[in-house]
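Below is one structure, written out as structure tokens, with a few remarks after it.
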Amino acid sequence: MIRNNINDLIAFLAVARERSFTRAAAKIGISQSALSHTIRNLEKRLGVRLLTRTTRAVSPTDAGEKLLQGIGPHFDGIEMQLDALNALKESPSGTIRLNAPDYAISNVILPKLSDFLLTYPEIKIELMLDNGLSDIVTERYDAGVRMGEQLAKDMICARISPDFRFAVVGAVSYFSKNPVPRSPHELITHTCINYRFPSSGALYAWEFEEEGKEVKVRVDGQLTFNNIFYVLDAALAGHGLAYVPEEIALPHIEKGSLLRVLENCSPYWEGFYLYYPHRHHASPAFRALTEALRHRDEALPHFPGR
């Protein structure tokens, strides 16, 4: 009976952890209808309901939670041992799942992957855009990417980018109708494009340094996004001032499509780090990726796509 239930238990774990039949089906590579049928048959054989289904969510019942906590670590251990076998191969292999902010994916990670992917053809990378500071352990990622000031103290980390700063920019068409701000405080009289944090739902208060003091300005405008590239696009369209990473604004500044203001007030922030919970569980593939992403002082090529 145990042998017959293995695949069904794997299906149950996927649904219980993802809290979604749709995401679980995509993760294990079967149709949603087949997955639902598998779970129903498992519940029928065990004689107990494992999942509570509503139109909006899926969650384990008390019995399902007990089963999840009981068998989950054992299946995780099996996966870990199978991953460890990669160390016996001549070339590292396997799939590595990362979550990272939009800007970090486009301008930090992707520029470093070109040579890596050619060198390690048996390694697959899943890059999931995440501006919300998700829990990588709960979401079962191998690692995440955050700015240095956002790292949890109990995580192991490797620096993957230099320090960087933001730039206040606006289109020529915007400045043809509005004055140039001379200090951060004057931004409250301007139309600005806001950024909302997906994790907290709060609007980002623009941060500056003026006369050696930290200044935060809560700007206002008609547009708000949770993706920094959309903020940049809105600024290019003349919808207001934007505060975006300097690197993505510079090509447009150099072309003259954006004008930069308050440059002397924009501080540098600690760069991005790859972080993960357990050093001794790192596979050869993960170690190779960490070394490929690790920040070194040489200049990195710009990756324009997003």
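Within each chain, counting starts at residue 1; across the structure tokens, chains are named A, B, ... in the order shown, with ligands numbered 1 upward in that order.
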Could you build a table of the residues in stretch 255-297 of chain A lying no more than 10 Å from stretch 109-116 of chain A, giving for each the nearest pair of atoms and their separation in Å rounded to one decimal place, using only C-alpha atoms, ordered by chain and ascending residue number, as a tab-separated table?
residue	atom	partner	partner_atom	distance
A:Phe272	CA	A:Ile109	CA	9.9
A:Leu274	CA	A:Ile109	CA	10.0
A:Ala288	CA	A:Phe116	CA	8.5
A:Leu289	CA	A:Phe116	CA	7.5
A:Glu291	CA	A:Phe116	CA	9.8
A:Ala292	CA	A:Phe116	CA	6.6
A:Leu293	CA	A:Lys112	CA	6.2
A:Arg294	CA	A:Lys112	CA	9.2
A:His295	CA	A:Lys112	CA	9.8
Secondary structure check, alpha helix (DSSP H) residues of stretch 18-214 of chain A, as a PyMOL selection string: chain A and resi 18+21-28+32-46+62-84+102-104+110-119+172-175
Selected residue, from A:Thr22, A:Gln81, A:Ser31, A:Ser176, that lies nearest to A:Val58 when counting only C-alpha atoms: A:Thr22
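The environment of A:Asp76 within 12 Å, counting only C-alpha atoms and disregarding residues fewer than 5 places along the same chain, consists of A:Ile10, A:Leu13, A:Ala14, A:Leu68, A:Gln69, A:Gly70, A:Ile71, A:Gln81, A:Leu82, A:Asp83, A:Arg140, A:His281.
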Written file, previous selection with N, CA, C and O atoms, as an mmCIF file, in the first residue's frame:
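Saved result, result_31.cif, follows:
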data_model
loop_
_atom_site.group_PDB
_atom_site.id
_atom_site.type_symbol
_atom_site.label_atom_id
_atom_site.label_comp_id
_atom_site.auth_asym_id
_atom_site.auth_seq_id
_atom_site.Cartn_x
_atom_site.Cartn_y
_atom_site.Cartn_z
ATOM 1 N N ILE A 10 3.149 12.558 -2.818
ATOM 2 C CA ILE A 10 3.906 13.667 -3.416
ATOM 3 C C ILE A 10 2.946 14.725 -3.949
ATOM 4 O O ILE A 10 3.164 15.931 -3.788
ATOM 5 N N LEU A 13 1.558 16.650 -0.965
ATOM 6 C CA LEU A 13 2.531 17.604 -0.439
ATOM 7 C C LEU A 13 2.591 18.861 -1.296
ATOM 8 O O LEU A 13 2.688 19.984 -0.776
ATOM 9 N N ALA A 14 2.529 18.677 -2.599
ATOM 10 C CA ALA A 14 2.595 19.827 -3.501
ATOM 11 C C ALA A 14 1.408 20.762 -3.280
ATOM 12 O O ALA A 14 1.567 21.978 -3.168
ATOM 13 N N LEU A 68 1.107 16.382 6.604
ATOM 14 C CA LEU A 68 2.125 17.250 6.007
ATOM 15 C C LEU A 68 3.362 17.337 6.891
ATOM 16 O O LEU A 68 4.502 17.187 6.409
ATOM 17 N N GLN A 69 3.156 17.586 8.186
ATOM 18 C CA GLN A 69 4.288 17.710 9.106
ATOM 19 C C GLN A 69 4.995 16.377 9.326
ATOM 20 O O GLN A 69 6.195 16.339 9.594
ATOM 21 N N GLY A 70 4.236 15.284 9.195
ATOM 22 C CA GLY A 70 4.830 13.975 9.445
ATOM 23 C C GLY A 70 5.674 13.451 8.298
ATOM 24 O O GLY A 70 6.774 12.927 8.509
ATOM 25 N N ILE A 71 5.164 13.596 7.069
ATOM 26 C CA ILE A 71 5.889 13.004 5.941
ATOM 27 C C ILE A 71 6.737 14.008 5.174
ATOM 28 O O ILE A 71 7.673 13.614 4.463
ATOM 29 N N GLN A 81 19.162 13.813 -0.449
ATOM 30 C CA GLN A 81 20.125 12.755 -0.738
ATOM 31 C C GLN A 81 20.314 12.562 -2.240
ATOM 32 O O GLN A 81 21.423 12.318 -2.716
ATOM 33 N N LEU A 82 19.229 12.688 -2.988
ATOM 34 C CA LEU A 82 19.343 12.572 -4.443
ATOM 35 C C LEU A 82 20.161 13.726 -5.018
ATOM 36 O O LEU A 82 20.977 13.538 -5.927
ATOM 37 N N ASP A 83 19.946 14.928 -4.463
ATOM 38 C CA ASP A 83 20.738 16.075 -4.904
ATOM 39 C C ASP A 83 22.219 15.878 -4.592
ATOM 40 O O ASP A 83 23.097 16.293 -5.354
ATOM 41 N N ARG A 140 9.973 27.448 -0.371
ATOM 42 C CA ARG A 140 10.813 26.363 -0.889
ATOM 43 C C ARG A 140 11.704 26.812 -2.060
ATOM 44 O O ARG A 140 11.861 26.109 -3.051
ATOM 45 N N HIS A 281 24.162 22.253 3.078
ATOM 46 C CA HIS A 281 23.258 21.601 2.140
ATOM 47 C C HIS A 281 23.492 22.066 0.705
ATOM 48 O O HIS A 281 22.817 21.615 -0.210
#
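Taking only C-alpha atoms into account, A:Leu259 lies nearest to A:Gly170 out of the set A:Pro179, A:Pro245, A:Gly170, A:Gly271.
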Atomic separation - atom CA of A:Leu46 relative to atom CA of A:Thr138, Å: 26.7 Å
Name all residues at most 12 Å from A:Ser20 (count only C-alpha atoms; drop same-chain ones fewer than 2 positions away) and give them as a JSON list (two decimals) with N, CA, C and O atoms, in the first residue's frame.
[["chain", "number", "residue", "atom", "x", "y", "z"],
["A", 11, "ALA", "N", 1.87, 14.27, -4.56],
["A", 11, "ALA", "CA", 0.85, 15.20, -5.06],
["A", 11, "ALA", "C", 0.22, 15.97, -3.91],
["A", 11, "ALA", "O", 0.01, 17.19, -3.99],
["A", 12, "PHE", "N", -0.10, 15.27, -2.82],
["A", 12, "PHE", "CA", -0.68, 15.94, -1.66],
["A", 12, "PHE", "C", 0.28, 16.99, -1.10],
["A", 12, "PHE", "O", -0.14, 18.11, -0.76],
["A", 13, "LEU", "N", 1.56, 16.65, -0.97],
["A", 13, "LEU", "CA", 2.53, 17.60, -0.44],
["A", 13, "LEU", "C", 2.59, 18.86, -1.30],
["A", 13, "LEU", "O", 2.69, 19.98, -0.78],
["A", 14, "ALA", "N", 2.53, 18.68, -2.60],
["A", 14, "ALA", "CA", 2.60, 19.83, -3.50],
["A", 14, "ALA", "C", 1.41, 20.76, -3.28],
["A", 14, "ALA", "O", 1.57, 21.98, -3.17],
["A", 15, "VAL", "N", 0.21, 20.20, -3.19],
["A", 15, "VAL", "CA", -0.98, 21.03, -3.00],
["A", 15, "VAL", "C", -0.96, 21.69, -1.61],
["A", 15, "VAL", "O", -1.27, 22.88, -1.47],
["A", 16, "ALA", "N", -0.60, 20.91, -0.59],
["A", 16, "ALA", "CA", -0.61, 21.44, 0.77],
["A", 16, "ALA", "C", 0.40, 22.57, 0.95],
["A", 16, "ALA", "O", 0.15, 23.53, 1.68],
["A", 17, "ARG", "N", 1.52, 22.47, 0.27],
["A", 17, "ARG", "CA", 2.55, 23.50, 0.40],
["A", 17, "ARG", "C", 2.28, 24.71, -0.48],
["A", 17, "ARG", "O", 2.54, 25.84, -0.09],
["A", 18, "GLU", "N", 1.76, 24.47, -1.66],
["A", 18, "GLU", "CA", 1.48, 25.57, -2.58],
["A", 18, "GLU", "C", 0.16, 26.27, -2.26],
["A", 18, "GLU", "O", -0.06, 27.40, -2.70],
["A", 22, "THR", "N", -3.70, 24.76, -8.88],
["A", 22, "THR", "CA", -3.11, 25.25, -10.13],
["A", 22, "THR", "C", -1.59, 25.28, -10.04],
["A", 22, "THR", "O", -0.89, 24.78, -10.93],
["A", 23, "ARG", "N", -1.06, 25.89, -8.97],
["A", 23, "ARG", "CA", 0.40, 25.97, -8.82],
["A", 23, "ARG", "C", 1.02, 24.59, -8.59],
["A", 23, "ARG", "O", 2.10, 24.30, -9.11],
["A", 24, "ALA", "N", 0.33, 23.75, -7.82],
["A", 24, "ALA", "CA", 0.87, 22.42, -7.54],
["A", 24, "ALA", "C", 0.91, 21.58, -8.81],
["A", 24, "ALA", "O", 1.88, 20.85, -9.06],
["A", 25, "ALA", "N", -0.13, 21.66, -9.65],
["A", 25, "ALA", "CA", -0.16, 20.90, -10.90],
["A", 25, "ALA", "C", 0.99, 21.33, -11.81],
["A", 25, "ALA", "O", 1.65, 20.50, -12.44],
["A", 26, "ALA", "N", 1.23, 22.65, -11.89],
["A", 26, "ALA", "CA", 2.32, 23.14, -12.72],
["A", 26, "ALA", "C", 3.67, 22.67, -12.17],
["A", 26, "ALA", "O", 4.59, 22.34, -12.93],
["A", 27, "LYS", "N", 3.78, 22.61, -10.84],
["A", 27, "LYS", "CA", 5.05, 22.25, -10.22],
["A", 27, "LYS", "C", 5.41, 20.79, -10.47],
["A", 27, "LYS", "O", 6.58, 20.46, -10.73],
["A", 32, "GLN", "N", -4.44, 19.89, -13.86],
["A", 32, "GLN", "CA", -5.14, 20.19, -12.62],
["A", 32, "GLN", "C", -6.24, 19.16, -12.36],
["A", 32, "GLN", "O", -6.46, 18.76, -11.20],
["A", 35, "LEU", "N", -4.68, 16.03, -11.01],
["A", 35, "LEU", "CA", -4.24, 16.23, -9.63],
["A", 35, "LEU", "C", -5.44, 16.16, -8.67],
["A", 35, "LEU", "O", -5.35, 15.51, -7.62],
["A", 36, "SER", "N", -6.54, 16.78, -9.03],
["A", 36, "SER", "CA", -7.74, 16.73, -8.19],
["A", 36, "SER", "C", -8.23, 15.29, -8.03],
["A", 36, "SER", "O", -8.62, 14.87, -6.94],
["A", 51, "LEU", "N", -7.71, 18.00, 2.67],
["A", 51, "LEU", "CA", -7.66, 19.39, 2.21],
["A", 51, "LEU", "C", -9.05, 20.01, 2.26],
["A", 51, "LEU", "O", -10.05, 19.35, 1.96],
["A", 52, "THR", "N", -9.08, 21.27, 2.65],
["A", 52, "THR", "CA", -10.31, 22.06, 2.59],
["A", 52, "THR", "C", -10.25, 22.95, 1.37],
["A", 52, "THR", "O", -9.30, 23.72, 1.20],
["A", 53, "ARG", "N", -11.24, 22.84, 0.51],
["A", 53, "ARG", "CA", -11.24, 23.58, -0.74],
["A", 53, "ARG", "C", -12.33, 24.64, -0.71],
["A", 53, "ARG", "O", -13.47, 24.34, -0.38],
["A", 54, "THR", "N", -11.98, 25.86, -1.07],
["A", 54, "THR", "CA", -12.96, 26.92, -1.27],
["A", 54, "THR", "C", -12.73, 27.50, -2.65],
["A", 54, "THR", "O", -11.80, 27.10, -3.36],
["A", 55, "THR", "N", -13.56, 28.46, -3.03],
["A", 55, "THR", "CA", -13.38, 29.08, -4.36],
["A", 55, "THR", "C", -12.12, 29.91, -4.42],
["A", 55, "THR", "O", -11.63, 30.19, -5.52],
["A", 56, "ARG", "N", -11.57, 30.29, -3.26],
["A", 56, "ARG", "CA", -10.41, 31.18, -3.26],
["A", 56, "ARG", "C", -9.12, 30.54, -2.78],
["A", 56, "ARG", "O", -8.04, 31.03, -3.07],
["A", 57, "ALA", "N", -9.23, 29.45, -2.01],
["A", 57, "ALA", "CA", -8.02, 28.91, -1.41],
["A", 57, "ALA", "C", -8.15, 27.43, -1.13],
["A", 57, "ALA", "O", -9.24, 26.86, -1.13],
["A", 58, "VAL", "N", -6.98, 26.82, -0.91],
["A", 58, "VAL", "CA", -6.90, 25.42, -0.50],
["A", 58, "VAL", "C", -6.01, 25.38, 0.74],
["A", 58, "VAL", "O", -4.94, 25.99, 0.77],
["A", 59, "SER", "N", -6.45, 24.67, 1.77],
["A", 59, "SER", "CA", -5.65, 24.58, 2.99],
["A", 59, "SER", "C", -5.81, 23.18, 3.59],
["A", 59, "SER", "O", -6.85, 22.53, 3.41],
["A", 60, "PRO", "N", -4.79, 22.70, 4.30],
["A", 60, "PRO", "CA", -4.89, 21.38, 4.91],
["A", 60, "PRO", "C", -5.89, 21.37, 6.06],
["A", 60, "PRO", "O", -6.03, 22.34, 6.80]]
All residues 10 Å or closer to A:Arg296, only C-alpha atoms, same chain fewer than 5 positions away omitted, as a list in words: Arg159, Ile160, Ser161 and Pro162 of chain A
Close residues, stretch 181-195 of chain A itself excluded, 7 Å, only C-alpha atoms, min 4 positions apart in chain, as a ChimeraX atom specification: /A:203-204,217,219-221,223-226,231,240-242,262
Just to be explicit: take each residue in the selection above, keep C-alpha atoms, and write the result as an mmCIF file, in the first residue's frame.
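The result, stored in selection02.cif:
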data_model
loop_
_atom_site.group_PDB
_atom_site.id
_atom_site.type_symbol
_atom_site.label_atom_id
_atom_site.label_comp_id
_atom_site.auth_asym_id
_atom_site.auth_seq_id
_atom_site.Cartn_x
_atom_site.Cartn_y
_atom_site.Cartn_z
ATOM 1 C CA LEU A 203 4.356 53.410 -0.452
ATOM 2 C CA TYR A 204 8.085 53.997 -0.674
ATOM 3 C CA VAL A 217 9.901 62.599 1.336
ATOM 4 C CA VAL A 219 5.584 62.107 -2.742
ATOM 5 C CA ASP A 220 2.215 62.186 -4.457
ATOM 6 C CA GLY A 221 0.922 61.577 -7.963
ATOM 7 C CA LEU A 223 0.339 56.617 -10.766
ATOM 8 C CA THR A 224 1.629 53.875 -8.473
ATOM 9 C CA PHE A 225 3.361 50.607 -9.456
ATOM 10 C CA ASN A 226 4.968 47.623 -7.730
ATOM 11 C CA VAL A 231 7.857 53.440 -12.844
ATOM 12 C CA GLY A 240 5.828 62.683 -13.516
ATOM 13 C CA LEU A 241 9.115 62.378 -11.663
ATOM 14 C CA ALA A 242 10.469 58.931 -10.813
ATOM 15 C CA LEU A 262 18.917 66.242 -7.106
#
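The nearest approach to A:Asp130 among the residues A:Ser173, A:Gly64, A:Ala158, A:Asn227, with only C-alpha atoms taken into account, belongs to A:Asn227.
Nearest to A:Asn178 of all the residues A:Glu209, A:Ser134, A:Gly238, A:Ile125 is A:Gly238, based on only C-alpha atoms.
Minimum atom-to-atom distance to A:Ala285, evaluated using only C-alpha atoms, belongs to A:Pro92 out of A:Gly201, A:Gly148, A:Pro92, A:Pro73.
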Spatial neighbours of A:Glu247, 9 Å, only C-alpha atoms, chain gap at least 5 places, as a ChimeraX atom specification: /A:107,164-167,302
Please dump the current selection as an mmCIF file, in the first residue's frame; keep N, CA, C and O atoms.
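That gives us selection_9.cif:
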data_model
loop_
_atom_site.group_PDB
_atom_site.id
_atom_site.type_symbol
_atom_site.label_atom_id
_atom_site.label_comp_id
_atom_site.auth_asym_id
_atom_site.auth_seq_id
_atom_site.Cartn_x
_atom_site.Cartn_y
_atom_site.Cartn_z
ATOM 1 N N ASN A 107 19.544 43.485 -14.009
ATOM 2 C CA ASN A 107 20.817 44.190 -14.084
ATOM 3 C C ASN A 107 21.932 43.583 -13.257
ATOM 4 O O ASN A 107 23.072 44.016 -13.361
ATOM 5 N N PHE A 164 24.826 50.750 -4.936
ATOM 6 C CA PHE A 164 24.205 51.503 -6.016
ATOM 7 C C PHE A 164 23.327 52.590 -5.428
ATOM 8 O O PHE A 164 23.064 52.617 -4.221
ATOM 9 N N ARG A 165 22.888 53.501 -6.271
ATOM 10 C CA ARG A 165 22.001 54.560 -5.803
ATOM 11 C C ARG A 165 20.881 54.797 -6.804
ATOM 12 O O ARG A 165 20.919 54.312 -7.931
ATOM 13 N N PHE A 166 19.907 55.555 -6.362
ATOM 14 C CA PHE A 166 18.761 55.880 -7.198
ATOM 15 C C PHE A 166 18.957 57.256 -7.832
ATOM 16 O O PHE A 166 19.806 58.032 -7.397
ATOM 17 N N ALA A 167 18.148 57.528 -8.847
ATOM 18 C CA ALA A 167 18.196 58.810 -9.531
ATOM 19 C C ALA A 167 16.787 59.362 -9.679
ATOM 20 O O ALA A 167 15.865 58.626 -10.061
ATOM 21 N N HIS A 302 25.995 45.712 -19.079
ATOM 22 C CA HIS A 302 24.588 46.071 -18.854
ATOM 23 C C HIS A 302 23.697 45.153 -19.665
ATOM 24 O O HIS A 302 23.947 44.918 -20.840
#
Strand (DSSP E) per DSSP on the backbone: members of stretch 42-285 of chain A, as JSON, numbers by chain: {"A": [51, 52, 53, 58, 59, 60, 94, 95, 96, 97, 98, 99, 100, 123, 124, 125, 126, 127, 128, 129, 143, 144, 145, 146, 147, 156, 157, 158, 159, 164, 165, 166, 167, 168, 169, 170, 171, 194, 195, 206, 207, 208, 209, 210, 213, 214, 215, 216, 217, 224, 225, 242, 243, 244, 245, 258, 259, 260, 261, 268, 269, 272, 273, 274, 275, 276]}
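Pairwise distance (atom CA of A:Gly132, atom CA of A:Ile156) equals 19.7 Å.
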